[in-house]
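Enquirer: Attaching a single structure in structure tokens format; questions to follow.
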Protein chains: 2
Amino acid sequence: MKDKILDILKRHYGKWISGERICRDLNISRTAVWKKINALKEEGYEIETKHHMGYRLVRIPDLLLPYEIKSSLDTKYIGREVVYYDSIDSTNDAAKELAERGREHGTVVVAEKQTRGKGRMGRRWVSKACKDVLFSVILYPKIGLAQIAQINMLAVVAVAEALERDFGVKSGIKWPNDLLIDAKKVCGVLLEISAEADCVRYVVLGIGINVNSDESDWPNEIVDRTTSLKLVMGENVSRVKVIRAVLEELELWYEKWRALGFEPILRKWRTWCVSQKRCATVKTLEGEYNGWIEGVNDEGALILRLDDGTKKVFLSADVSLRSI
Amino acid sequence: MKDKILDILKRHYGKWISGERICRDLNISRTAVWKKINALKEEGYEIETKHHMGYRLVRIPDLLLPYEIKSSLDTKYIGREVVYYDSIDSTNDAAKELAERGREHGTVVVAEKQTRGKGRMGRRWVSKACKDVLFSVILYPKIGLAQIAQINMLAVVAVAEALERDFGVKSGIKWPNDLLIDAKKVCGVLLEISAEADCVRYVVLGIGINVNSDESDWPNEIVDRTTSLKLVMGENVSRVKVIRAVLEELELWYEKWRALGFEPILRKWRTWCVSQKRCATVKTLEGEYNGWIEGVNDEGALILRLDDGTKKVFLSADVSLRSI
């Protein structure tokens, strides 16, 4: 009912609409309307109330509220269910719990704030409340473990495409799944899976995009290599528009992947990639390697030509690009 | 303290030992001794008590109690921590929770009874209380997803070796990780993992071995293709001896794998395998295939020669062997 009232208010955005009219349209009592309006106000909607005039919506908060995300979202399953948290330890952890209980394919878990945000390899993901876009998608792909890295690459392609499509922002992919603008990180992906030895049970795809945060929001040690859409575009960006664009591109590329396999994903990934034909230091559990990035093979693994001329293939590693 | 008293009783198995002597040896009060003895009785130890004589241990229950498993267990890390449940939904689920909280490498979760035992691909694993050996091992291998199937094959090799070593039982491996005796299943392995896109966070290796169960314990639909060590050997088998042997072999093969890689595991797996050079029906999510099993490739994947002569490789599937 709350979202129906919100719909009406939005259709009359900035204009007065009487409580009586809302009651009539929705066939509910004035008290019910009043209660729901108050609930919307608590969520951050600015709604003016005036005797004899009724209600007037004057500002929609830039929060990642389910009805804001779902309104005019052009997808079939990704984001049709949105689980919203004001604050949570980690959207990936919450999504994993929901996946254990079998929540629908495409369910999105979103939070204004993460208190224990996770990055790759046990690292932290730091962000201020209500500034960035942090969410996780539950997926149940019918694949083997060998294909998991493909979803990782699919995801970063989707974000790159979404940023260009709706915001005109050109970013670059750093292997395997960081998105950079001017060599600074604007987006990271953390894919977690639960699986048996030979089949994937579920995938949780966590995506963090720096939207309206800036230098003062980041820890000193990352401030030099971090950026946000706001910094790039010079103005605040609608977080809801960002997440909607990304969810739409995600479904689009997920469908393409299901229909045509990894090849079109990899091709697009390569066009966005900025970490090919570059000098780099590659760190793994076994050691550190310096060399020249030749590119990625057909499985998406990184091919590094070492300084002694031999080639080494990495499925998992940390890459630092170097200037020559 | 309880296990110290148990040690003393075991050293005097079948003979009387005075409470006073135990008090003195362990420097505790008679009441403390009496309380611990009662606790041991509750766990199933048969301990006689007699005025002026003291205590006498006359029977050790064949339960998978931590001190029974650990006593004379020849391993460095597998089974040095044992978490025991009288009854639990699934040892794998319990182990996964413990792994999320970072419990030590090699921790074993064991239960006398599972109320919601799991098999591969979402199936059930049915067993009666206190008859079989059901346990899960937490491991943190530093590997990529591509190597996960290797642990699966390592595990079944370890069980096959343990059954031969300590019980003289010859079993056969059915791809990927079932253990058969006379074409009937005696052991199954359910490996579950939590991972990021490119690295494994933890592995939970669930092993179920039919030890003292028999036809009357199994559902009708599996009774024809299920067996137990008791049925094969014609007598009850010590469950503690079974789990100890398996834990020891597991560590042995895990170490071999870490030191020498997959090749020795695969070689041993092949010598135990009974599902090579056989007619089989292979079911996957995509369909059903009939053919001749050529063997497994170097990654452990099943190679099936279809009836039309082409070869197909399976990473994940359900195999039914057929007689010609």
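In the structure tokens, each chain is lettered A, B, ... as it comes, each chain's residues begin at 1, and ligands are numbered from 1 in order of appearance.
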Please identify all residues of chain A having at least one atom at most 7 Å from any atom of chain B, considering only C-alpha atoms, and return them as a PDB file with C-alpha atoms, in the first residue's frame.
Expert:
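After the write, result-v4.pdb holds the following:
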```pdb
ATOM      1  CA  LEU A 145      33.529 -24.560 -11.102  1.00  0.00           C
ATOM      2  CA  ALA A 146      35.699 -23.977 -14.134  1.00  0.00           C
ATOM      3  CA  ILE A 148      33.013 -19.255 -12.329  1.00  0.00           C
ATOM      4  CA  ALA A 149      35.610 -16.725 -13.439  1.00  0.00           C
ATOM      5  CA  ASN A 152      33.318 -12.334 -12.617  1.00  0.00           C
ATOM      6  CA  LEU A 191      32.100 -12.927  -6.326  1.00  0.00           C
ATOM      7  CA  GLU A 192      31.533 -15.612  -3.715  1.00  0.00           C
ATOM      8  CA  ILE A 193      30.283 -19.094  -4.338  1.00  0.00           C
ATOM      9  CA  SER A 194      29.012 -22.121  -2.554  1.00  0.00           C
ATOM     10  CA  ALA A 195      29.558 -25.338  -4.417  1.00  0.00           C
ATOM     11  CA  GLU A 196      29.990 -29.059  -4.341  1.00  0.00           C
ATOM     12  CA  ALA A 197      33.103 -30.558  -5.867  1.00  0.00           C
ATOM     13  CA  ASP A 198      31.656 -30.471  -9.347  1.00  0.00           C
ATOM     14  CA  CYS A 199      28.704 -28.111  -9.428  1.00  0.00           C
ATOM     15  CA  LEU A 315      44.042 -17.704 -12.590  1.00  0.00           C
ATOM     16  CA  SER A 316      44.258 -15.734  -9.369  1.00  0.00           C
TER      17      SER A 316
END
```
Enquirer: Extract, using only C-alpha atoms, all DNA, RNA and protein residues at most 9 Å from Lys10 (chain B), discarding same-chain residues fewer than 5 positions from it, and format them as a PyMOL selection string.
Expert: chain B and resi 5+57+60
Enquirer: Filtering to C-alpha atoms, could you give me those residues as a short mmCIF file (atom, residue, chain, number, x, y, z; two decimals), in the first residue's frame?
Expert:
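After the write, out_26.cif holds the following:
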```
data_model
loop_
_atom_site.label_atom_id
_atom_site.label_comp_id
_atom_site.auth_asym_id
_atom_site.auth_seq_id
_atom_site.Cartn_x
_atom_site.Cartn_y
_atom_site.Cartn_z
CA ILE B 5 40.55 -40.33 34.43
CA LEU B 57 36.10 -50.06 33.35
CA ILE B 60 34.18 -48.89 26.12
#
```
Enquirer: Measure the distance from CA of Gly287 (chain A) to CA of Glu255 (chain B) in Å and round it to one decimal.
Expert: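 About the pair CA of Gly287 (chain A) and CA of Glu255 (chain B): they are 21.3 Å apart.
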Enquirer: My list of candidates is A:Val126, A:Tyr202, A:Lys268, A:Gly14. Which is closest to Arg103 (chain A) when distances are computed with only C-alpha atoms?
Expert: A:Tyr202
Enquirer: When you look at region 308-311 of chain A with a cut-off of 12 Å (counting only C-alpha atoms), what residues show up, excluding the ones that are within fewer than 3 positions of it in the same chain? I need them as an MDAnalysis selection string.
Expert: chainID A and resid 289:297 302:305 314
Enquirer: Work out how far apart CA of Val157 (chain B) and CA of Val83 (chain B) are and give it in Å to one decimal.
Expert: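 A separation of 24.2 Å between them.
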Enquirer: Per DSSP on the backbone, what are the strand (DSSP E) residues of region 84-150 of chain A, as a ChimeraX atom specification?
Expert: /A:84-88,108-114,133-139
Enquirer: Please provide the set of residues having any atom within 10 Å of Val82 (chain B), restricted to only C-alpha atoms, with same-chain residues fewer than 5 positions apart removed, written as number ranges by chain.
Expert: B: 64-67, 69-70, 106-110, 135-137
Enquirer: What does the file look like for those residues with C-alpha atoms, as a PDB file, in the first residue's frame?
Expert:
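Full text of selection31.pdb as output:
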```pdb
ATOM      1  CA  LEU B  64      32.887 -41.653  18.024  1.00  0.00           C
ATOM      2  CA  LEU B  65      33.880 -39.754  21.148  1.00  0.00           C
ATOM      3  CA  PRO B  66      36.724 -37.263  20.694  1.00  0.00           C
ATOM      4  CA  TYR B  67      39.078 -38.954  23.182  1.00  0.00           C
ATOM      5  CA  ILE B  69      39.240 -40.971  18.130  1.00  0.00           C
ATOM      6  CA  LYS B  70      42.269 -38.979  19.232  1.00  0.00           C
ATOM      7  CA  GLY B 106      41.977 -30.428   9.977  1.00  0.00           C
ATOM      8  CA  THR B 107      39.146 -30.004  12.484  1.00  0.00           C
ATOM      9  CA  VAL B 108      36.785 -32.975  12.353  1.00  0.00           C
ATOM     10  CA  VAL B 109      33.055 -32.768  13.030  1.00  0.00           C
ATOM     11  CA  VAL B 110      31.542 -36.101  13.920  1.00  0.00           C
ATOM     12  CA  PHE B 135      32.128 -37.003   9.677  1.00  0.00           C
ATOM     13  CA  SER B 136      33.353 -33.838   8.021  1.00  0.00           C
ATOM     14  CA  VAL B 137      36.832 -32.377   7.860  1.00  0.00           C
TER      15      VAL B 137
END
```
Enquirer: Could you pull out the helix (DSSP H, G or I) residues of region 6-193 of chain B, going by DSSP on the backbone, and write them as a ChimeraX atom specification?
Expert: /B:6-11,19-26,30-43,66-70,91-100,120-122,145-167
Enquirer: Can I get the residues of region 115-212 of chain A within 10 Å of region 220-229 of chain A, each with the closest pair of atoms and their distance in Å to one decimal, using only C-alpha atoms, sorted chain first then ascending number, as a tab-separated table?
Expert:
```
residue	atom	partner	partner_atom	distance
A:Val126	CA	A:Ile222	CA	9.9
A:Lys131	CA	A:Ser228	CA	9.8
A:Asp132	CA	A:Ser228	CA	8.5
A:Leu163	CA	A:Leu229	CA	9.0
A:Phe167	CA	A:Leu229	CA	8.9
A:Val169	CA	A:Leu229	CA	8.2
A:Leu180	CA	A:Thr227	CA	8.1
A:Ile181	CA	A:Thr227	CA	7.2
A:Asp182	CA	A:Thr227	CA	8.6
A:Ala183	CA	A:Arg225	CA	7.1
A:Lys184	CA	A:Arg225	CA	4.5
A:Lys185	CA	A:Thr226	CA	4.6
A:Val186	CA	A:Thr227	CA	5.3
A:Cys187	CA	A:Ser228	CA	8.4
A:Ile209	CA	A:Ser228	CA	7.6
A:Asn210	CA	A:Ser228	CA	4.6
A:Val211	CA	A:Leu229	CA	4.8
A:Asn212	CA	A:Ser228	CA	6.3
```
Enquirer: With a distance cut-off of 10 Å and only C-alpha atoms, select the neighbouring residues of Ser323 (chain B), excluding the residue or stretch itself and same-chain residues fewer than 5 positions from it, and output the selection as a list of chain:residue names.
Expert: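 In the requested format, the answer is B:Arg278, B:Cys279, B:Ala280.
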Enquirer: Go ahead and compute the interatomic distance for CA of Lys4 (chain B) and CA of Gln114 (chain B), in Å to one decimal.
Expert: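 Rounded to one decimal, the two atoms are 29.2 Å apart.
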Enquirer: Which residues are close to region 37-53 of chain A, i.e. within 12 Å by only C-alpha atoms, leaving aside same-chain residues fewer than 6 positions away? Reply as a count of residues only.
Expert: 38
